[in-house]
Amino acid sequence: AVSRLISDLEFSLGFPLFIRQTGGIVPTAEATEFFREVDMMFYSLDRLATVADEIRTLSRATVRFATLPMLSFEVAPQAIRRFQARFPSARVFQEVYTSARVLELVTSRQIEIGVAQTHERRDDFDILSTHHARCVCVMEPNHALASAEELTPRDLRDEPLIMLARHTQSASYITNAFADQQISPNIVSETQPSFAAGSMAAYGCGIAFVDELSALALGDRVAAVPFNPEIPFDICILKPKNMPFSRAAEALHNELHDGICTALEQAAQGHKI
């Protein structure tokens, strides 16, 4: 049966594979050359199987995303850690920027996921979800206003205030809230991002306006009191328009989404809201 298979193969190839000699057979030069090619083909097939397995398990996956500073202290690292626990060989590249820069990276398709503050509806990115955070006032835990249920512009009229940089949406909302009540805020400092403002407040530099997630990350270093009127810090998860998620990007997106939801629930419970 083996001899017949060899004969059929030689007939199909058009050249002999073995020379019959007394005591056995030896491969021809053509057979040796043909074997090398067949061996390489089987190696390639094995390699393809390996590559397919690496793709299936996300072992060779890379995800690039950009987020706001307010998520970079707690929410994003925790989401990345959960992602790594599921896919230990996958790589994650995180960049931390302002909302404007995150939008640039999303629309230019340099990243797969972006987290930013935006009220725009454009045709070059998709908003996957919007999460509603609030503005809180943070101060030293022993501050006289730390036990208040909420703080208004009138409550803060004589307090030294730490404002977010004036080019931000949040700073504009806060400034308008004081203007609506015809109160001039006593601004002693401006800074960016929220965590920097919160840290200044923790050291007694004044009362800072920050988002709930930054206040949560600051922990016991500060007391956090809601600001009235409510100032939105809406967080949007974005992706480039018409750019399908990779499986790795989808998995990381889910972790970020769940992490933001959980953090906002924790923040609400901690801020008497």
# chains A, B, ... in the order shown; residues from 1 in each chain; ligands from 1
call {"tool": "residues_around", "arguments": {"residues": "Gln182 of chain A", "least_positions_apart": "4", "cutoff": "10 Å", "atoms": "only C-alpha atoms", "output": "PyMOL selection string"}}
result
chain A and resi 153-154+176-178
call {"tool": "write_last_selection", "arguments": {"atoms": "N, CA, C and O atoms", "output": "PDB file, in the first residue's frame"}}
result
ATOM      1  N   PRO A 153     -23.569  79.762  45.926  1.00  0.00           N
ATOM      2  CA  PRO A 153     -22.680  80.921  45.756  1.00  0.00           C
ATOM      3  C   PRO A 153     -22.748  81.895  46.927  1.00  0.00           C
ATOM      4  O   PRO A 153     -21.729  82.474  47.315  1.00  0.00           O
ATOM      5  N   ARG A 154     -23.929  82.065  47.525  1.00  0.00           N
ATOM      6  CA  ARG A 154     -24.057  82.974  48.662  1.00  0.00           C
ATOM      7  C   ARG A 154     -23.269  82.463  49.873  1.00  0.00           C
ATOM      8  O   ARG A 154     -22.650  83.249  50.600  1.00  0.00           O
ATOM      9  N   ASN A 176     -20.922  81.355  35.867  1.00  0.00           N
ATOM     10  CA  ASN A 176     -22.288  81.804  35.576  1.00  0.00           C
ATOM     11  C   ASN A 176     -23.199  81.653  36.800  1.00  0.00           C
ATOM     12  O   ASN A 176     -24.101  82.473  37.012  1.00  0.00           O
ATOM     13  N   ALA A 177     -22.966  80.604  37.592  1.00  0.00           N
ATOM     14  CA  ALA A 177     -23.789  80.400  38.789  1.00  0.00           C
ATOM     15  C   ALA A 177     -23.605  81.552  39.769  1.00  0.00           C
ATOM     16  O   ALA A 177     -24.574  82.022  40.386  1.00  0.00           O
ATOM     17  N   PHE A 178     -22.384  82.052  39.927  1.00  0.00           N
ATOM     18  CA  PHE A 178     -22.140  83.202  40.792  1.00  0.00           C
ATOM     19  C   PHE A 178     -22.726  84.472  40.179  1.00  0.00           C
ATOM     20  O   PHE A 178     -23.325  85.299  40.885  1.00  0.00           O
TER      21      PHE A 178
END
call {"tool": "residues_around", "arguments": {"residues": "Phe233 of chain A", "least_positions_apart": "3", "cutoff": "10 Å", "atoms": "only C-alpha atoms", "output": "PyMOL selection string"}}
result
chain A and resi 116-118+131-135+169-170+173+210-213+230+236
call {"tool": "select_by_dssp", "arguments": {"residues": "segment 76-262 of chain A", "states": "alpha helix (DSSP H)", "output": "PyMOL selection string"}}
result
chain A and resi 76-86+99-107+169-180+194-202+212-218+247-262
call {"tool": "closest_residue", "arguments": {"among": "A:Ala251, A:Leu145, A:Ile6, A:Val96", "to": "Pro27 of chain A", "atoms": "only C-alpha atoms"}}
result
A:Ile6
call {"tool": "residues_around", "arguments": {"residues": "Arg157 of chain A", "least_positions_apart": "2", "cutoff": "9 Å", "atoms": "only C-alpha atoms", "output": "PyMOL selection string"}}
result
chain A and resi 152-155+159-160+178+183-186
call {"tool": "select_by_dssp", "arguments": {"residues": "segment 56-269 of chain A", "states": "strand (DSSP E or B)", "output": "ChimeraX atom specification"}}
result
/A:62-67,91-96,113-116,125-139,151,161-164,187-191,207-211,223-227,232-240
call {"tool": "closest_residue", "arguments": {"among": "A:Pro244, A:Gly14, A:Pro232, A:Gly259", "to": "His119 of chain A", "atoms": "only C-alpha atoms"}}
result
A:Pro232
call {"tool": "closest_atom_pairs", "arguments": {"of": "segment 34-91 of chain A", "to": "segment 215-225 of chain A", "cutoff": "12 Å", "atoms": "only C-alpha atoms", "output": "CSV"}}
result
residue,atom,partner,partner_atom,distance
A:Pro69,CA,A:Ala217,CA,11.2
A:Met70,CA,A:Ala217,CA,8.6
A:Leu71,CA,A:Ala217,CA,9.1
A:Ser72,CA,A:Ala217,CA,9.7
A:Phe73,CA,A:Ala217,CA,6.6
A:Glu74,CA,A:Ala217,CA,6.3
A:Val75,CA,A:Ala217,CA,9.0
A:Ala76,CA,A:Ala217,CA,11.7
A:Pro77,CA,A:Ala217,CA,11.9
call {"tool": "atom_distance", "arguments": {"atom1": "atom CA of Phe65 of chain A", "atom2": "atom CA of Glu95 of chain A"}}
result
6.4 Å
call {"tool": "closest_residue", "arguments": {"among": "A:Thr262, A:Asn142, A:Ser194, A:Asn254", "to": "Ala165 of chain A", "atoms": "only C-alpha atoms"}}
result
A:Ser194
call {"tool": "residues_around", "arguments": {"residues": "Gly114 of chain A", "least_positions_apart": "3", "cutoff": "8 Å", "atoms": "only C-alpha atoms", "output": "ChimeraX atom specification"}}
result
/A:65-67,102-103,105-106,111,237-239
call {"tool": "residues_around", "arguments": {"residues": "Ala248 of chain A", "least_positions_apart": "6", "cutoff": "9 Å", "atoms": "only C-alpha atoms", "output": "list in words"}}
result
Leu58, Ala61, Thr62, Val63, Phe83, Phe87 and Ala90 of chain A
call {"tool": "write_last_selection", "arguments": {"atoms": "N, CA, C and O atoms", "output": "PDB file, in the first residue's frame"}}
result
ATOM      1  N   LEU A  58      -6.643  36.923  22.726  1.00  0.00           N
ATOM      2  CA  LEU A  58      -6.189  38.311  22.843  1.00  0.00           C
ATOM      3  C   LEU A  58      -4.749  38.416  23.338  1.00  0.00           C
ATOM      4  O   LEU A  58      -4.348  39.442  23.893  1.00  0.00           O
ATOM      5  N   ALA A  61      -3.123  41.203  21.467  1.00  0.00           N
ATOM      6  CA  ALA A  61      -3.983  42.377  21.302  1.00  0.00           C
ATOM      7  C   ALA A  61      -3.345  43.618  21.923  1.00  0.00           C
ATOM      8  O   ALA A  61      -2.621  43.544  22.913  1.00  0.00           O
ATOM      9  N   THR A  62      -3.647  44.760  21.327  1.00  0.00           N
ATOM     10  CA  THR A  62      -3.226  46.055  21.847  1.00  0.00           C
ATOM     11  C   THR A  62      -4.417  46.998  21.797  1.00  0.00           C
ATOM     12  O   THR A  62      -5.111  47.072  20.792  1.00  0.00           O
ATOM     13  N   VAL A  63      -4.668  47.698  22.904  1.00  0.00           N
ATOM     14  CA  VAL A  63      -5.752  48.673  22.965  1.00  0.00           C
ATOM     15  C   VAL A  63      -5.163  50.027  23.325  1.00  0.00           C
ATOM     16  O   VAL A  63      -4.373  50.138  24.258  1.00  0.00           O
ATOM     17  N   PHE A  83      -9.229  44.177  33.264  1.00  0.00           N
ATOM     18  CA  PHE A  83      -8.984  43.727  31.888  1.00  0.00           C
ATOM     19  C   PHE A  83      -7.767  42.815  31.837  1.00  0.00           C
ATOM     20  O   PHE A  83      -7.792  41.761  31.177  1.00  0.00           O
ATOM     21  N   PHE A  87      -7.189  39.068  30.429  1.00  0.00           N
ATOM     22  CA  PHE A  87      -6.332  38.918  29.250  1.00  0.00           C
ATOM     23  C   PHE A  87      -4.915  39.358  29.607  1.00  0.00           C
ATOM     24  O   PHE A  87      -4.483  40.460  29.261  1.00  0.00           O
ATOM     25  N   ALA A  90      -2.459  40.787  26.855  1.00  0.00           N
ATOM     26  CA  ALA A  90      -2.850  41.950  26.063  1.00  0.00           C
ATOM     27  C   ALA A  90      -2.158  43.202  26.598  1.00  0.00           C
ATOM     28  O   ALA A  90      -1.850  43.309  27.778  1.00  0.00           O
TER      29      ALA A  90
END
call {"tool": "residues_around", "arguments": {"residues": "segment 79-81 of chain A", "least_positions_apart": "5", "cutoff": "9 Å", "atoms": "only C-alpha atoms", "output": "ChimeraX atom specification"}}
result
/A:74,86,92,252-259
call {"tool": "decode", "arguments": {"residues": "segment 96-138 of chain A", "atoms": "C-alpha atoms", "output": "PDB file, in the first residue's frame"}}
result
ATOM      1  CA  VAL A  96      -4.347  61.358  29.775  1.00  0.00           C
ATOM      2  CA  TYR A  97      -5.400  64.649  28.208  1.00  0.00           C
ATOM      3  CA  THR A  98      -7.983  67.427  28.223  1.00  0.00           C
ATOM      4  CA  SER A  99     -11.337  66.801  26.550  1.00  0.00           C
ATOM      5  CA  ALA A 100     -10.328  68.765  23.454  1.00  0.00           C
ATOM      6  CA  ARG A 101      -7.232  66.621  22.912  1.00  0.00           C
ATOM      7  CA  VAL A 102      -9.134  63.385  23.550  1.00  0.00           C
ATOM      8  CA  LEU A 103     -11.645  64.400  20.874  1.00  0.00           C
ATOM      9  CA  GLU A 104      -8.789  65.074  18.439  1.00  0.00           C
ATOM     10  CA  LEU A 105      -7.348  61.609  19.024  1.00  0.00           C
ATOM     11  CA  VAL A 106     -10.739  59.958  18.573  1.00  0.00           C
ATOM     12  CA  THR A 107     -11.660  61.781  15.380  1.00  0.00           C
ATOM     13  CA  SER A 108      -8.210  61.165  13.856  1.00  0.00           C
ATOM     14  CA  ARG A 109      -8.544  57.436  14.715  1.00  0.00           C
ATOM     15  CA  GLN A 110      -5.349  57.377  16.745  1.00  0.00           C
ATOM     16  CA  ILE A 111      -7.170  55.664  19.622  1.00  0.00           C
ATOM     17  CA  GLU A 112     -10.030  53.188  19.848  1.00  0.00           C
ATOM     18  CA  ILE A 113     -11.687  54.592  22.984  1.00  0.00           C
ATOM     19  CA  GLY A 114     -11.894  58.119  24.340  1.00  0.00           C
ATOM     20  CA  VAL A 115     -13.390  59.471  27.555  1.00  0.00           C
ATOM     21  CA  ALA A 116     -14.131  63.192  27.499  1.00  0.00           C
ATOM     22  CA  GLN A 117     -16.573  65.939  28.393  1.00  0.00           C
ATOM     23  CA  THR A 118     -18.529  67.042  25.319  1.00  0.00           C
ATOM     24  CA  HIS A 119     -21.989  68.209  24.386  1.00  0.00           C
ATOM     25  CA  GLU A 120     -21.217  68.078  20.682  1.00  0.00           C
ATOM     26  CA  ARG A 121     -22.972  65.731  18.281  1.00  0.00           C
ATOM     27  CA  ARG A 122     -20.721  65.254  15.285  1.00  0.00           C
ATOM     28  CA  ASP A 123     -20.463  62.841  12.393  1.00  0.00           C
ATOM     29  CA  ASP A 124     -16.854  61.811  13.053  1.00  0.00           C
ATOM     30  CA  PHE A 125     -17.321  60.082  16.418  1.00  0.00           C
ATOM     31  CA  ASP A 126     -19.922  58.004  18.240  1.00  0.00           C
ATOM     32  CA  ILE A 127     -20.970  58.656  21.848  1.00  0.00           C
ATOM     33  CA  LEU A 128     -21.383  55.193  23.355  1.00  0.00           C
ATOM     34  CA  SER A 129     -22.619  56.336  26.759  1.00  0.00           C
ATOM     35  CA  THR A 130     -22.929  59.468  28.879  1.00  0.00           C
ATOM     36  CA  HIS A 131     -22.430  59.406  32.641  1.00  0.00           C
ATOM     37  CA  HIS A 132     -23.707  62.248  34.789  1.00  0.00           C
ATOM     38  CA  ALA A 133     -21.338  63.384  37.516  1.00  0.00           C
ATOM     39  CA  ARG A 134     -21.790  66.497  39.659  1.00  0.00           C
ATOM     40  CA  CYS A 135     -19.706  69.340  40.953  1.00  0.00           C
ATOM     41  CA  VAL A 136     -18.800  69.260  44.643  1.00  0.00           C
ATOM     42  CA  CYS A 137     -16.934  71.664  46.849  1.00  0.00           C
ATOM     43  CA  VAL A 138     -13.934  70.120  48.599  1.00  0.00           C
TER      44      VAL A 138
END
